[in-house]
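**Q** Before I ask anything, here is the structure I am working with.
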Amino acid sequence: MLLRELIRNAEDTLRQVYPEREARQMVFSLLEHHLGTKPHTHIIEPQYQVAEDDFAVVMKSLERLAAEEPLQYVINQAWFYGRAFRVAPDVLIPRPETELLCREALDEVRRRGFGDNVSVLDLCTGSGCIAWTMALELPASRVFAADISEAALEVASSQGLSEAGPEFFKADVLREDLGRQIADVGAGVPEKFDIILSNPPYVRESEKALMRHNVLDWEPSLALFVPDSDPLKFYRALSRHASALLSENGFGIVEINEAFGEETAELFTGAGFRCTIIPDLSGRPRHIKFVPVAK
């Protein structure tokens, strides 16, 4: 089949599920992944033929997309901070909002004159995109990252973006004894960290009705949802742990639910921190930066 015909047929299929522009972008991304083609290939090479074996692979992936499986899971890849990360249904697909968290953290490192030799703790690491980004952008840093999901830790630890990456370990941030869980990782783990980062679950169960099926039906509920009765439970735990684990000259940043910016900040303020609410590109409360109050 000619490439231009495959593009037309694939777009027709996906437009049944997605808006036209999104469907077109997904088709080009899928074909680039499987065939190595570019969005303009069918224009400059109008007679480009798709091999039979390649056509079969593309069609299988197209069926998955038409069933609203996210493109990133279909191709097992998502781009984050300029790097390709392995993703699977065991982990959330990295979002641009979380890139902003990393950018703010790196900017804060430079503002404080820390240099690269810092210790970083990433809690609820998921795919490991935060931990790996910090480790690669600060090559002399020591980065430790935890998650309760063994399947997520397998994905995070298998990114293979460099020979010396973060140290991943299993831990439950909702337990009181997080410090002991971290100490059990072994020698070389600091008692205090210069930076604590986290993108914990924060979507209320009642918000499911507002979410698209390609998120709701595929991404892991464990990493997304919190009960309406206690939507800030992870931040309550994180603020408590940060008061024990963050160095006196350090800082932390957490991603938040935009509906609870002030309430989340109050938890960290109550734990002895000075807080700044950081908006996303749309101006909505998206991150909280916290630093210890000088004693």
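For the structure tokens, the naming scheme is as follows: chains receive sequential letters (A, B, ...) according to their order of presentation, residues are indexed from 1 within each chain, and ligands are indexed from 1 in presentation order.
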Would you list the contacts of Gly179 of chain A as JSON, numbers by chain, taking every protein, DNA or RNA residue within 12 Å and counting only C-alpha atoms, but skipping same-chain residues closer than 2 positions in sequence?
**A** {"A": [121, 146, 171, 172, 173, 174, 175, 176, 177, 181, 182, 183, 184, 185, 189, 190, 191, 192, 193, 237, 238, 240, 241, 242, 243, 244, 245, 246]}
**Q** Can those selected residues be exported to a file as a PDB file, in the first residue's frame so that it contains C-alpha atoms?
**A**
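The resulting file, result-v1.pdb, is reproduced below:
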ATOM      1  CA  LEU A 121      14.580  12.076  46.876  1.00  0.00           C
ATOM      2  CA  ALA A 146      10.624   5.263  45.689  1.00  0.00           C
ATOM      3  CA  ALA A 171       8.474   2.287  49.939  1.00  0.00           C
ATOM      4  CA  ASP A 172       5.023   3.344  51.066  1.00  0.00           C
ATOM      5  CA  VAL A 173       4.908   7.096  51.712  1.00  0.00           C
ATOM      6  CA  LEU A 174       1.636   6.756  53.615  1.00  0.00           C
ATOM      7  CA  ARG A 175       3.334   4.785  56.365  1.00  0.00           C
ATOM      8  CA  GLU A 176       4.729   6.637  59.362  1.00  0.00           C
ATOM      9  CA  ASP A 177       8.125   4.919  59.111  1.00  0.00           C
ATOM     10  CA  GLN A 181      12.171   2.310  54.872  1.00  0.00           C
ATOM     11  CA  ILE A 182      14.728   4.628  53.283  1.00  0.00           C
ATOM     12  CA  ALA A 183      17.460   3.618  55.741  1.00  0.00           C
ATOM     13  CA  ASP A 184      16.818  -0.038  54.889  1.00  0.00           C
ATOM     14  CA  VAL A 185      17.905   0.642  51.302  1.00  0.00           C
ATOM     15  CA  VAL A 189      21.634   6.761  51.607  1.00  0.00           C
ATOM     16  CA  PRO A 190      21.729  10.211  53.247  1.00  0.00           C
ATOM     17  CA  GLU A 191      19.792  10.919  56.415  1.00  0.00           C
ATOM     18  CA  LYS A 192      18.757  14.279  54.965  1.00  0.00           C
ATOM     19  CA  PHE A 193      18.155  15.278  51.349  1.00  0.00           C
ATOM     20  CA  ALA A 237       2.244  12.395  54.652  1.00  0.00           C
ATOM     21  CA  LEU A 238       4.716  14.203  52.398  1.00  0.00           C
ATOM     22  CA  ARG A 240       5.373  15.192  57.654  1.00  0.00           C
ATOM     23  CA  HIS A 241       8.179  13.232  56.023  1.00  0.00           C
ATOM     24  CA  ALA A 242       9.752  16.357  54.527  1.00  0.00           C
ATOM     25  CA  SER A 243      10.050  17.932  57.968  1.00  0.00           C
ATOM     26  CA  ALA A 244      12.225  14.974  58.986  1.00  0.00           C
ATOM     27  CA  LEU A 245      14.074  14.292  55.725  1.00  0.00           C
ATOM     28  CA  LEU A 246      14.781  17.685  54.144  1.00  0.00           C
TER      29      LEU A 246
END
**Q** List as a PyMOL selection string the protein and nucleic acid residues near Phe268 of chain A, meaning an atom at most 8 Å away when only C-alpha atoms are counted, but skip any in the same chain fewer than 4 places from it.
**A** chain A and resi 236+239+264+272-275+290
**Q** Considering only helix (DSSP H, G or I) as DSSP defines it on the backbone, what residues of segment 25-196 of chain A qualify? List them as a PyMOL selection string.
**A** chain A and resi 25-35+41-44+52-66+71-74+96-111+129-137+150-157+178-183
**Q** Could you give me, as a list in words, the residues within 10 Å of Leu65 of chain A, counting only C-alpha atoms and dropping anything in the same chain fewer than 2 positions from it?
**A**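 Result of the neighbour search: Thr13, Leu14, Val17, Tyr18, Ala23, Met26, Val27, Leu30, Met59, Lys60, Ser61, Leu62, Glu63, Ala67, Glu68, Glu69, Pro70, Leu71, Gln72, Tyr73, Val74 and Asn214 of chain A.
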**Q** Looking at only C-alpha atoms, which of A:Trp132, A:Arg111, A:Val203, A:Gly160 is the one that sits closest to Phe80 of chain A?
**A** A:Trp132
**Q** Once DSSP has gone over the backbone, tell me which residues of segment 72-109 of chain A are in strand (DSSP E or B), as a PyMOL selection string.
**A** chain A and resi 78-80+83-85
**Q** Quick one: distance from atom CA of Leu210 of chain A to atom CA of Leu101 of chain A in Å, one decimal?
**A**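 The value is 24.0 Å.
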**Q** For Glu52 of chain A, which residue among A:Ile93, A:Leu2, A:Pro201, A:Asp280 is the nearest when counting only C-alpha atoms?
**A** A:Leu2
**Q** Provide the atom CA of Val120 of chain A to atom CA of Gly283 of chain A distance in Å, to one decimal place.
**A**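 Straight-line distance from atom CA of Val120 of chain A to atom CA of Gly283 of chain A works out to 27.4 Å.
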**Q** Residues near Thr125 of chain A, anyone? I mean within 12 Å using only C-alpha atoms, not counting same-chain ones fewer than 4 positions away, as number ranges by chain.
**A** A: 90-94, 98, 120-121, 129-133, 143-157, 166-173, 196-201, 223, 254
**Q** Save out the residues we just selected, C-alpha atoms, as a PDB file, in the first residue's frame.
**A**
ATOM      1  CA  ASP A  90       1.879   0.101  35.098  1.00  0.00           C
ATOM      2  CA  VAL A  91       2.919   3.787  35.149  1.00  0.00           C
ATOM      3  CA  LEU A  92       1.391   7.140  34.351  1.00  0.00           C
ATOM      4  CA  ILE A  93       2.263   8.737  31.038  1.00  0.00           C
ATOM      5  CA  PRO A  94       4.558  11.694  31.857  1.00  0.00           C
ATOM      6  CA  THR A  98       5.657  17.464  35.487  1.00  0.00           C
ATOM      7  CA  VAL A 120      17.530  14.119  45.644  1.00  0.00           C
ATOM      8  CA  LEU A 121      14.580  12.076  46.876  1.00  0.00           C
ATOM      9  CA  CYS A 129      10.867  10.496  34.736  1.00  0.00           C
ATOM     10  CA  ILE A 130      11.538  12.996  37.538  1.00  0.00           C
ATOM     11  CA  ALA A 131      14.344  10.965  39.094  1.00  0.00           C
ATOM     12  CA  TRP A 132      16.064  10.241  35.788  1.00  0.00           C
ATOM     13  CA  THR A 133      15.789  13.864  34.663  1.00  0.00           C
ATOM     14  CA  VAL A 143      19.190  10.453  43.294  1.00  0.00           C
ATOM     15  CA  PHE A 144      16.953   8.046  45.196  1.00  0.00           C
ATOM     16  CA  ALA A 145      13.408   7.262  44.079  1.00  0.00           C
ATOM     17  CA  ALA A 146      10.624   5.263  45.689  1.00  0.00           C
ATOM     18  CA  ASP A 147       7.269   3.818  44.744  1.00  0.00           C
ATOM     19  CA  ILE A 148       4.880   1.338  46.329  1.00  0.00           C
ATOM     20  CA  SER A 149       4.331  -0.467  43.014  1.00  0.00           C
ATOM     21  CA  GLU A 150       6.901  -3.124  42.118  1.00  0.00           C
ATOM     22  CA  ALA A 151       5.665  -3.040  38.513  1.00  0.00           C
ATOM     23  CA  ALA A 152       6.290   0.716  38.352  1.00  0.00           C
ATOM     24  CA  LEU A 153       9.753   0.262  39.843  1.00  0.00           C
ATOM     25  CA  GLU A 154      10.574  -2.291  37.159  1.00  0.00           C
ATOM     26  CA  VAL A 155       9.673   0.236  34.466  1.00  0.00           C
ATOM     27  CA  ALA A 156      11.569   3.052  36.195  1.00  0.00           C
ATOM     28  CA  SER A 157      14.726   1.049  36.775  1.00  0.00           C
ATOM     29  CA  PRO A 166      18.898   6.780  40.215  1.00  0.00           C
ATOM     30  CA  GLU A 167      18.613   4.150  42.914  1.00  0.00           C
ATOM     31  CA  PHE A 168      15.042   2.878  42.985  1.00  0.00           C
ATOM     32  CA  PHE A 169      13.462   1.167  45.972  1.00  0.00           C
ATOM     33  CA  LYS A 170      10.061   0.128  47.252  1.00  0.00           C
ATOM     34  CA  ALA A 171       8.474   2.287  49.939  1.00  0.00           C
ATOM     35  CA  ASP A 172       5.023   3.344  51.066  1.00  0.00           C
ATOM     36  CA  VAL A 173       4.908   7.096  51.712  1.00  0.00           C
ATOM     37  CA  ILE A 196      12.522  16.309  47.809  1.00  0.00           C
ATOM     38  CA  LEU A 197      10.219  16.011  44.798  1.00  0.00           C
ATOM     39  CA  SER A 198       6.930  14.224  44.265  1.00  0.00           C
ATOM     40  CA  ASN A 199       4.028  13.875  41.865  1.00  0.00           C
ATOM     41  CA  PRO A 200       1.693  11.821  44.064  1.00  0.00           C
ATOM     42  CA  PRO A 201      -1.874  10.688  43.337  1.00  0.00           C
ATOM     43  CA  ALA A 223      -1.115   6.417  40.673  1.00  0.00           C
ATOM     44  CA  VAL A 254       5.236  18.726  44.766  1.00  0.00           C
TER      45      VAL A 254
END
**Q** How many Å lie between atom CA of Lys233 of chain A and atom CA of Asp122 of chain A, rounded to one decimal?
**A** 17.4 Å
**Q** Give the answer as one residue: which of A:His34, A:Arg103, A:Arg212, A:Arg142 has the shortest atom-to-atom distance to Asn117 of chain A, using only C-alpha atoms?
**A**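 Closest to Asn117 of chain A of all the choices is A:Arg142.
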**Q** May I ask which of the residues A:Glu258, A:Glu266, A:Glu32, A:Glu108 is the closest one to Ile75 of chain A, counting only C-alpha atoms?
**A** A:Glu32
**Q** I want to know what sits within 12 Å of His40 of chain A, based on only C-alpha atoms, with residues of the same chain fewer than 6 positions away left out; could you give that as a ChimeraX atom specification?
**A** /A:3-4,7,28,31-32,46,48
**Q** Excluding Met1 of chain A and its own-chain neighbours fewer than 2 positions away, which residues fall within 8 Å of it when counting only C-alpha atoms? Please give them as a ChimeraX atom specification.
**A** /A:3,5-6,49-52,55
**Q** Write the residues of the selection above to a file with C-alpha atoms, as a JSON list (two decimals), in the first residue's frame.
**A**
[["chain", "number", "residue", "atom", "x", "y", "z"],
["A", 3, "LEU", "CA", 2.06, 5.51, 2.40],
["A", 5, "GLU", "CA", -3.20, 5.82, 1.27],
["A", 6, "LEU", "CA", -2.29, 4.31, 4.64],
["A", 49, "GLN", "CA", 5.35, 1.82, -0.61],
["A", 50, "VAL", "CA", 4.70, 0.29, 2.81],
["A", 51, "ALA", "CA", 6.00, -3.27, 3.03],
["A", 52, "GLU", "CA", 3.46, -5.97, 3.81],
["A", 55, "PHE", "CA", 1.62, -2.71, 7.15]]
